[in-house]
Every structure is written in C-alpha cells, then in structure tokens.
Amino acid sequence: MAVSRKFVRKFPLAQVHAHPLAELCDVGLLQSIHTLYTNLPQPVPQQVAVALSGGVDSAALALHMAVWAHALELPLHCFHVHHGLQEIADQWSLHVQKLASLIGASIHIERVNVDLLSGTGIEAAARDARYHAFQMLCQRTGVQHVFVAHHQDDQAETVLLRLLRGSGPTGLGAMAPISPRDGFTVLRPWLDIPRSRIVAVGELMSQRLGWTAVQDSTNLNDDYTRGAVRERLKPHLNERWQGWQKILTRHAKLSRDTAQLLEEVAAEDLQKLDYRKRDHSFDLKSWRELSTVRQAQVIRHWLALAGLKMPTEARLDDMMRQMRTLHALGFDRQMQVKHGAFYVICRQGRVILQQYA
C-alpha cells in the first residue's frame, strides 16, 4: 500500500482502537510515534523497523509500533542484536522472538562480535557493533528507518555525561529525534517521554500477555559510566531536583538549536573565504579578518566537510596560532599541522588539506 502524506497527517485513532492489543497502549506514546513519522521528508517510508533488545523500553516501543503500523498497513520488522557479552544472551534472543510473535511482527536477529580491544571502552564498542548490525539488517530487509526506544531519562543522562566530559553545544545536543546514519535513519519518538510511562506499559504487558521484559544487569552496574550515573547520581538528583530530566532534555533541544545556528554561520563564513570545493581550500587572509570564535568555528566546519573528526582544543589552538603567524600569502615558511590522515598546510595564501602517505 502506498501511504500518502495526506493520509498519515491525521492520527489513525479509529484503526488503532480496532487492534486487539490497543488496550495495552498509551495514546500519547502512539501519537509521538505518528508525529515523528509524519515529520519525515517525503516520500514517507513504506516499511519500518524497531530495535528490540528485550528490555521494557524496547518491548513497549515494539508493542506500540505494532499497533500503529497495523493501522497504517505498514510492514514492521523487529531488529534484535545478539552481542554475546552475557551467557543469557541466547535466552534473550528466544524471548524477543516470542514477543515478536505475540505482536505480529517479523523478527531479525544479528549476531555481532564486540571489539573489546578497540580502546573506546565496552559501552562504546557495543554501541558501535549494534549500529553496524542495524546497517546490515537494513540492507538485508530494505528498511531505511529504525525506531529506537530512547526516552527522556536516557536523554537527560546523556546530557549529564556530556557535561562531565566538557562537550560543547553539538555534544550537549545529545540525541536527536531524527539521526541519519550510514545507509539508514535512527528515529527516537520518545525523547520527551518520562520512563515511568513506559514502565507502566511494561507492567500491563506482563499482566495481559504473560510476557515479562528482560533485566540487563549492566544497566545498573556502576563499573560502567552510565550505570554509575544511574546508581550514584540519579537518586540524589531525584531527591533534590525533581524534574531534572525534563530540564536537561530541554537543554539538549536548545543546544541542538544553537549548534545548528553556529553551523549555518560557519558555512556562510567559509563561502566568504573563497572556499574552493575542488581542493577543499580557503583564503588565509580573509580567515584572519574573522573574530577568534568565528575562526575556530569555520575550521571545525571545514574539517567536518572533509569527514574528519574534530580536533582537541589544544590541537585547534595550535593550528590557529600557526595560521595567525604565517605571512598573509604563506610565503615565509611552510605550515604543517597533522590531523588524522591529513596535514593542514598553507600554500600561496590558501589553507589546504593534504593527505600524507
């Protein structure tokens, strides 16, 4: 069925109520899914997937997605990633297959090997493996949009962790509702929803369906960074600053808006520096006429256009110092600052990226 934009703008409440599992759903949670879907660029997807770990959050999302997708006659796929990090992982895979059967969705399971020697930590390594698995599953099924169950509590924890790491506006923007990745798009409809509402759905699922969500002990293990936040900081914040999750979620939205504004200004500045796409270069003299903060922002934007990681503050400061002390036409000496697989150099008054062997 080809779903038109005109059709999906109206929340299909009548069709939802006709579903046998509709009584387990929270109408507000269904509406959040539908609103995000209708905000996607055209053409809207004709099939979707939901990430299903087996925890209460993802299980509740899978239930709501099944009811909503049925109303719109959209095929729904459940994606489960078997990390193999715990002995119980095989049982979790069987458990999510049972839930997929209960809600009438197809299930796809991808086994991954988490690189524990990557140097990024087990949490980051598992996350990278998970998103790579989603990419593989999307290629296999033809799905391009994967819904995940991140909620307001997750978002607030992410902002808090980014604050402790010294992140700027881009980092403090935390998770976006719509996040394009390599070959697919991640959708987070519940970032403004407190987890308590989701847990209430999980309890209903247990009572009515006889299916109980799994408990991942690592989520509360303070050996892991996020687990430490949940076990040590969260209880104190809940006691003294009720509603802190909503405040930090709003902070994330404001940070994303700020980051987007800065990006737009940097893009305009770079074009005014006689930016040449063919060799990814810009004019040094014009750059030095910018304010210090705009000089830094335009370099970050320039590096991002090349697909490079952002430099540390120390590396960026050193790069800018050298660029300020060069002759305006770059004739007095050769600047060469290593960044990733490239050198930032200056030739005949133009700043250029040069790949080294």
# chains A, B, ... in the order shown; residues from 1 in each chain; ligands from 1
call {"tool": "residues_around", "arguments": {"residues": "A:Met175", "least_positions_apart": "6", "cutoff": "10 Å", "atoms": "only C-alpha atoms", "output": "PDB file with N, CA and C atoms, in the first residue's frame"}}
result
ATOM      1  N   HIS A 150      14.861   5.229  23.033  1.00  0.00           N
ATOM      2  CA  HIS A 150      15.445   6.211  23.944  1.00  0.00           C
ATOM      3  C   HIS A 150      14.368   7.179  24.423  1.00  0.00           C
ATOM      4  N   HIS A 151      14.391   7.467  25.730  1.00  0.00           N
ATOM      5  CA  HIS A 151      13.342   8.293  26.332  1.00  0.00           C
ATOM      6  C   HIS A 151      13.956   9.473  27.083  1.00  0.00           C
ATOM      7  N   ASP A 154      16.875   8.709  29.433  1.00  0.00           N
ATOM      8  CA  ASP A 154      18.110   8.432  28.680  1.00  0.00           C
ATOM      9  C   ASP A 154      18.739   9.731  28.187  1.00  0.00           C
ATOM     10  N   GLN A 155      17.890  10.620  27.661  1.00  0.00           N
ATOM     11  CA  GLN A 155      18.387  11.878  27.129  1.00  0.00           C
ATOM     12  C   GLN A 155      19.041  12.723  28.220  1.00  0.00           C
ATOM     13  N   ALA A 156      18.389  12.784  29.392  1.00  0.00           N
ATOM     14  CA  ALA A 156      18.938  13.567  30.498  1.00  0.00           C
ATOM     15  C   ALA A 156      20.272  13.004  30.967  1.00  0.00           C
ATOM     16  N   THR A 158      22.382  11.350  29.121  1.00  0.00           N
ATOM     17  CA  THR A 158      23.362  11.652  28.070  1.00  0.00           C
ATOM     18  C   THR A 158      23.871  13.076  28.198  1.00  0.00           C
ATOM     19  N   VAL A 159      22.966  14.027  28.432  1.00  0.00           N
ATOM     20  CA  VAL A 159      23.377  15.426  28.609  1.00  0.00           C
ATOM     21  C   VAL A 159      24.312  15.550  29.804  1.00  0.00           C
ATOM     22  N   LEU A 187      15.292   6.784  14.402  1.00  0.00           N
ATOM     23  CA  LEU A 187      14.177   7.627  14.835  1.00  0.00           C
ATOM     24  C   LEU A 187      13.924   7.393  16.325  1.00  0.00           C
ATOM     25  N   ARG A 188      13.830   8.507  17.072  1.00  0.00           N
ATOM     26  CA  ARG A 188      13.616   8.433  18.523  1.00  0.00           C
ATOM     27  C   ARG A 188      12.359   9.217  18.883  1.00  0.00           C
ATOM     28  N   LEU A 191      11.794  10.833  23.105  1.00  0.00           N
ATOM     29  CA  LEU A 191      12.801  11.588  23.858  1.00  0.00           C
ATOM     30  C   LEU A 191      12.191  12.542  24.882  1.00  0.00           C
ATOM     31  N   THR A 249      16.559  17.686  29.223  1.00  0.00           N
ATOM     32  CA  THR A 249      16.069  17.390  27.881  1.00  0.00           C
ATOM     33  C   THR A 249      15.801  18.676  27.112  1.00  0.00           C
ATOM     34  N   ALA A 252      19.049  20.040  26.017  1.00  0.00           N
ATOM     35  CA  ALA A 252      19.544  19.357  24.813  1.00  0.00           C
ATOM     36  C   ALA A 252      18.936  19.968  23.560  1.00  0.00           C
ATOM     37  N   LYS A 253      17.630  20.241  23.602  1.00  0.00           N
ATOM     38  CA  LYS A 253      16.958  20.851  22.448  1.00  0.00           C
ATOM     39  C   LYS A 253      17.557  22.224  22.150  1.00  0.00           C
ATOM     40  N   ARG A 256      20.961  21.811  20.550  1.00  0.00           N
ATOM     41  CA  ARG A 256      20.892  21.422  19.140  1.00  0.00           C
ATOM     42  C   ARG A 256      20.563  22.630  18.267  1.00  0.00           C
TER      43      ARG A 256
END
call {"tool": "residues_around", "arguments": {"residues": "A:Ile352", "least_positions_apart": "3", "cutoff": "10 Å", "atoms": "only C-alpha atoms", "output": "list in words"}}
result
Arg276, Asp279, His280, Ser281, Phe282, Asp283, Leu284, Gln336, Phe342, Tyr343, Val344, Ile345, Cys346, Arg347, Gly349 and Gln355 of chain A
call {"tool": "closest_residue", "arguments": {"among": "A:Leu248, A:Ile107, A:Ala341, A:Ala100", "to": "A:Gly173", "atoms": "only C-alpha atoms"}}
result
A:Leu248
call {"tool": "residues_around", "arguments": {"residues": "A:Glu313", "least_positions_apart": "4", "cutoff": "12 Å", "atoms": "only C-alpha atoms", "output": "PDB file with C-alpha atoms, in the first residue's frame"}}
result
ATOM      1  CA  GLY A 166      33.258  19.069  28.676  1.00  0.00           C
ATOM      2  CA  SER A 167      31.244  18.868  25.459  1.00  0.00           C
ATOM      3  CA  GLY A 168      30.212  21.971  23.545  1.00  0.00           C
ATOM      4  CA  ALA A 296      37.588  28.411  15.282  1.00  0.00           C
ATOM      5  CA  GLN A 297      34.058  27.599  14.182  1.00  0.00           C
ATOM      6  CA  ILE A 299      37.829  25.490  10.875  1.00  0.00           C
ATOM      7  CA  ARG A 300      35.630  22.942  12.648  1.00  0.00           C
ATOM      8  CA  ASP A 317      44.593  26.366  19.294  1.00  0.00           C
ATOM      9  CA  ASP A 318      47.978  25.335  17.902  1.00  0.00           C
ATOM     10  CA  MET A 319      46.621  25.212  14.355  1.00  0.00           C
ATOM     11  CA  MET A 320      45.093  28.674  14.680  1.00  0.00           C
TER      12      MET A 320
END
call {"tool": "atom_distance", "arguments": {"atom1": "atom CA of A:Val56", "atom2": "atom CA of A:Val199"}}
result
6.5 Å
call {"tool": "closest_residue", "arguments": {"among": "A:Gln245, A:Arg288, A:Leu137, A:Ala304", "to": "A:Ala267", "atoms": "only C-alpha atoms"}}
result
A:Ala304
call {"tool": "select_by_dssp", "arguments": {"residues": "stretch 64-220 of chain A", "states": "helix (DSSP H, G or I)", "output": "VMD selection string"}}
result
chain A and resid 64 to 72 89 to 103 122 to 141 152 to 164 169 to 172 195 to 209 217 to 220
call {"tool": "residues_around", "arguments": {"residues": "A:Leu290", "least_positions_apart": "6", "cutoff": "10 Å", "atoms": "only C-alpha atoms", "output": "list in words"}}
result
Asp269, Leu273, Ala296 and Val298 of chain A
call {"tool": "write_last_selection", "arguments": {"atoms": "all heavy atoms", "output": "short mmCIF file (atom, residue, chain, number, x, y, z; two decimals), in the first residue's frame"}}
result
data_model
loop_
_atom_site.label_atom_id
_atom_site.label_comp_id
_atom_site.auth_asym_id
_atom_site.auth_seq_id
_atom_site.Cartn_x
_atom_site.Cartn_y
_atom_site.Cartn_z
N ASP A 269 30.39 31.79 6.55
CA ASP A 269 31.74 32.36 6.66
C ASP A 269 32.71 31.67 5.71
O ASP A 269 33.53 32.31 5.06
CB ASP A 269 32.25 32.23 8.10
CG ASP A 269 31.67 33.28 9.03
OD1 ASP A 269 31.09 34.27 8.53
OD2 ASP A 269 31.80 33.13 10.26
N LEU A 273 35.21 33.05 2.46
CA LEU A 273 36.67 32.91 2.45
C LEU A 273 37.16 32.36 1.11
O LEU A 273 38.25 31.80 1.04
CB LEU A 273 37.12 31.97 3.58
CG LEU A 273 36.70 32.36 5.00
CD1 LEU A 273 37.30 31.39 6.01
CD2 LEU A 273 37.11 33.78 5.33
N ALA A 296 37.61 29.79 14.78
CA ALA A 296 37.59 28.41 15.28
C ALA A 296 36.41 27.63 14.70
O ALA A 296 36.55 26.48 14.29
CB ALA A 296 37.52 28.42 16.81
N VAL A 298 34.76 28.12 11.91
CA VAL A 298 34.85 27.84 10.49
C VAL A 298 35.85 26.70 10.21
O VAL A 298 35.65 25.90 9.28
CB VAL A 298 35.22 29.11 9.69
CG1 VAL A 298 36.71 29.39 9.73
CG2 VAL A 298 34.75 29.00 8.24
#
call {"tool": "closest_residue", "arguments": {"among": "A:Val293, A:Leu316, A:Leu74, A:Leu63", "to": "A:Leu204", "atoms": "only C-alpha atoms"}}
result
A:Leu63
call {"tool": "atom_distance", "arguments": {"atom1": "atom CA of A:Val214", "atom2": "atom CA of A:Trp92"}}
result
7.2 Å
call {"tool": "closest_residue", "arguments": {"among": "A:Ala149, A:Val50, A:Ile103, A:Leu76", "to": "A:Leu29", "atoms": "only C-alpha atoms"}}
result
A:Ala149
call {"tool": "select_by_dssp", "arguments": {"residues": "stretch 159-234 of chain A", "states": "strand (DSSP E)", "output": "list of chain:residue names"}}
result
A:Ile178, A:Ser179, A:Pro180, A:Thr185, A:Val186, A:Leu187
call {"tool": "write_last_selection", "arguments": {"atoms": "C-alpha atoms", "output": "JSON list (two decimals), in the first residue's frame"}}
result
[["chain", "number", "residue", "atom", "x", "y", "z"],
["A", 178, "ILE", "CA", 15.95, 12.03, 13.62],
["A", 179, "SER", "CA", 19.56, 10.89, 13.14],
["A", 180, "PRO", "CA", 20.78, 9.92, 9.65],
["A", 185, "THR", "CA", 18.00, 6.69, 9.76],
["A", 186, "VAL", "CA", 17.50, 6.30, 13.50],
["A", 187, "LEU", "CA", 14.18, 7.63, 14.84]]
call {"tool": "atom_distance", "arguments": {"atom1": "atom CA of A:Asp182", "atom2": "atom CA of A:Arg130"}}
result
13.0 Å
call {"tool": "residues_around", "arguments": {"residues": "A:Arg140", "least_positions_apart": "6", "cutoff": "12 Å", "atoms": "only C-alpha atoms", "output": "PyMOL selection string"}}
result
chain A and resi 77+79+108-110+133-134+183-184
call {"tool": "write_last_selection", "arguments": {"atoms": "all heavy atoms", "output": "compact mmCIF listing (two decimals), in the first residue's frame"}}
result
# COMPACT_ATOMS: atom_id res chain seq x y z
N HIS A 77 9.27 -4.62 11.12
CA HIS A 77 10.35 -5.57 11.39
C HIS A 77 10.92 -5.29 12.78
O HIS A 77 11.09 -4.13 13.16
CB HIS A 77 11.47 -5.44 10.36
CG HIS A 77 11.03 -5.59 8.94
ND1 HIS A 77 11.12 -6.79 8.26
CD2 HIS A 77 10.49 -4.70 8.07
CE1 HIS A 77 10.66 -6.62 7.03
NE2 HIS A 77 10.27 -5.37 6.88
N PHE A 79 14.29 -5.70 14.96
CA PHE A 79 15.72 -5.96 14.85
C PHE A 79 16.29 -6.26 16.24
O PHE A 79 16.22 -5.41 17.13
CB PHE A 79 16.45 -4.74 14.28
CG PHE A 79 16.24 -4.49 12.81
CD1 PHE A 79 16.76 -3.36 12.21
CD2 PHE A 79 15.51 -5.38 12.02
CE1 PHE A 79 16.57 -3.11 10.86
CE2 PHE A 79 15.31 -5.15 10.67
CZ PHE A 79 15.85 -4.00 10.08
N HIS A 108 14.24 -10.25 13.15
CA HIS A 108 15.53 -10.49 12.50
C HIS A 108 16.62 -10.36 13.57
O HIS A 108 16.67 -9.35 14.27
CB HIS A 108 15.78 -9.48 11.39
CG HIS A 108 14.64 -9.35 10.42
ND1 HIS A 108 14.53 -10.10 9.28
CD2 HIS A 108 13.54 -8.55 10.45
CE1 HIS A 108 13.43 -9.78 8.64
NE2 HIS A 108 12.81 -8.83 9.32
N ILE A 109 17.44 -11.38 13.69
CA ILE A 109 18.47 -11.41 14.72
C ILE A 109 19.85 -11.38 14.08
O ILE A 109 20.13 -12.16 13.16
CB ILE A 109 18.32 -12.66 15.61
CG1 ILE A 109 16.96 -12.62 16.33
CG2 ILE A 109 19.46 -12.74 16.63
CD1 ILE A 109 16.65 -13.87 17.12
N GLU A 110 20.68 -10.47 14.55
CA GLU A 110 22.04 -10.33 14.02
C GLU A 110 23.04 -10.55 15.14
O GLU A 110 23.01 -9.85 16.18
CB GLU A 110 22.23 -8.92 13.42
CG GLU A 110 23.57 -8.70 12.76
CD GLU A 110 23.68 -9.32 11.38
OE1 GLU A 110 22.68 -9.94 10.90
OE2 GLU A 110 24.76 -9.21 10.76
N ALA A 133 25.24 -3.57 13.14
CA ALA A 133 24.27 -4.65 12.92
C ALA A 133 22.98 -4.10 12.30
O ALA A 133 22.40 -4.71 11.40
CB ALA A 133 23.96 -5.34 14.25
N PHE A 134 22.53 -2.93 12.78
CA PHE A 134 21.34 -2.31 12.19
C PHE A 134 21.56 -2.02 10.71
O PHE A 134 20.66 -2.21 9.89
CB PHE A 134 21.00 -1.01 12.92
CG PHE A 134 20.49 -1.19 14.32
CD1 PHE A 134 20.53 -0.14 15.23
CD2 PHE A 134 19.98 -2.40 14.75
CE1 PHE A 134 20.07 -0.29 16.52
CE2 PHE A 134 19.51 -2.58 16.05
CZ PHE A 134 19.55 -1.51 16.94
N GLY A 183 23.55 4.71 5.66
CA GLY A 183 22.63 3.79 5.00
C GLY A 183 21.26 3.66 5.63
O GLY A 183 20.39 2.96 5.08
N PHE A 184 21.01 4.29 6.77
CA PHE A 184 19.69 4.23 7.39
C PHE A 184 19.52 5.43 8.34
O PHE A 184 20.45 6.19 8.57
CB PHE A 184 19.49 2.91 8.15
CG PHE A 184 20.36 2.74 9.36
CD1 PHE A 184 19.85 2.93 10.63
CD2 PHE A 184 21.70 2.36 9.25
CE1 PHE A 184 20.64 2.76 11.76
CE2 PHE A 184 22.50 2.18 10.36
CZ PHE A 184 21.96 2.39 11.63
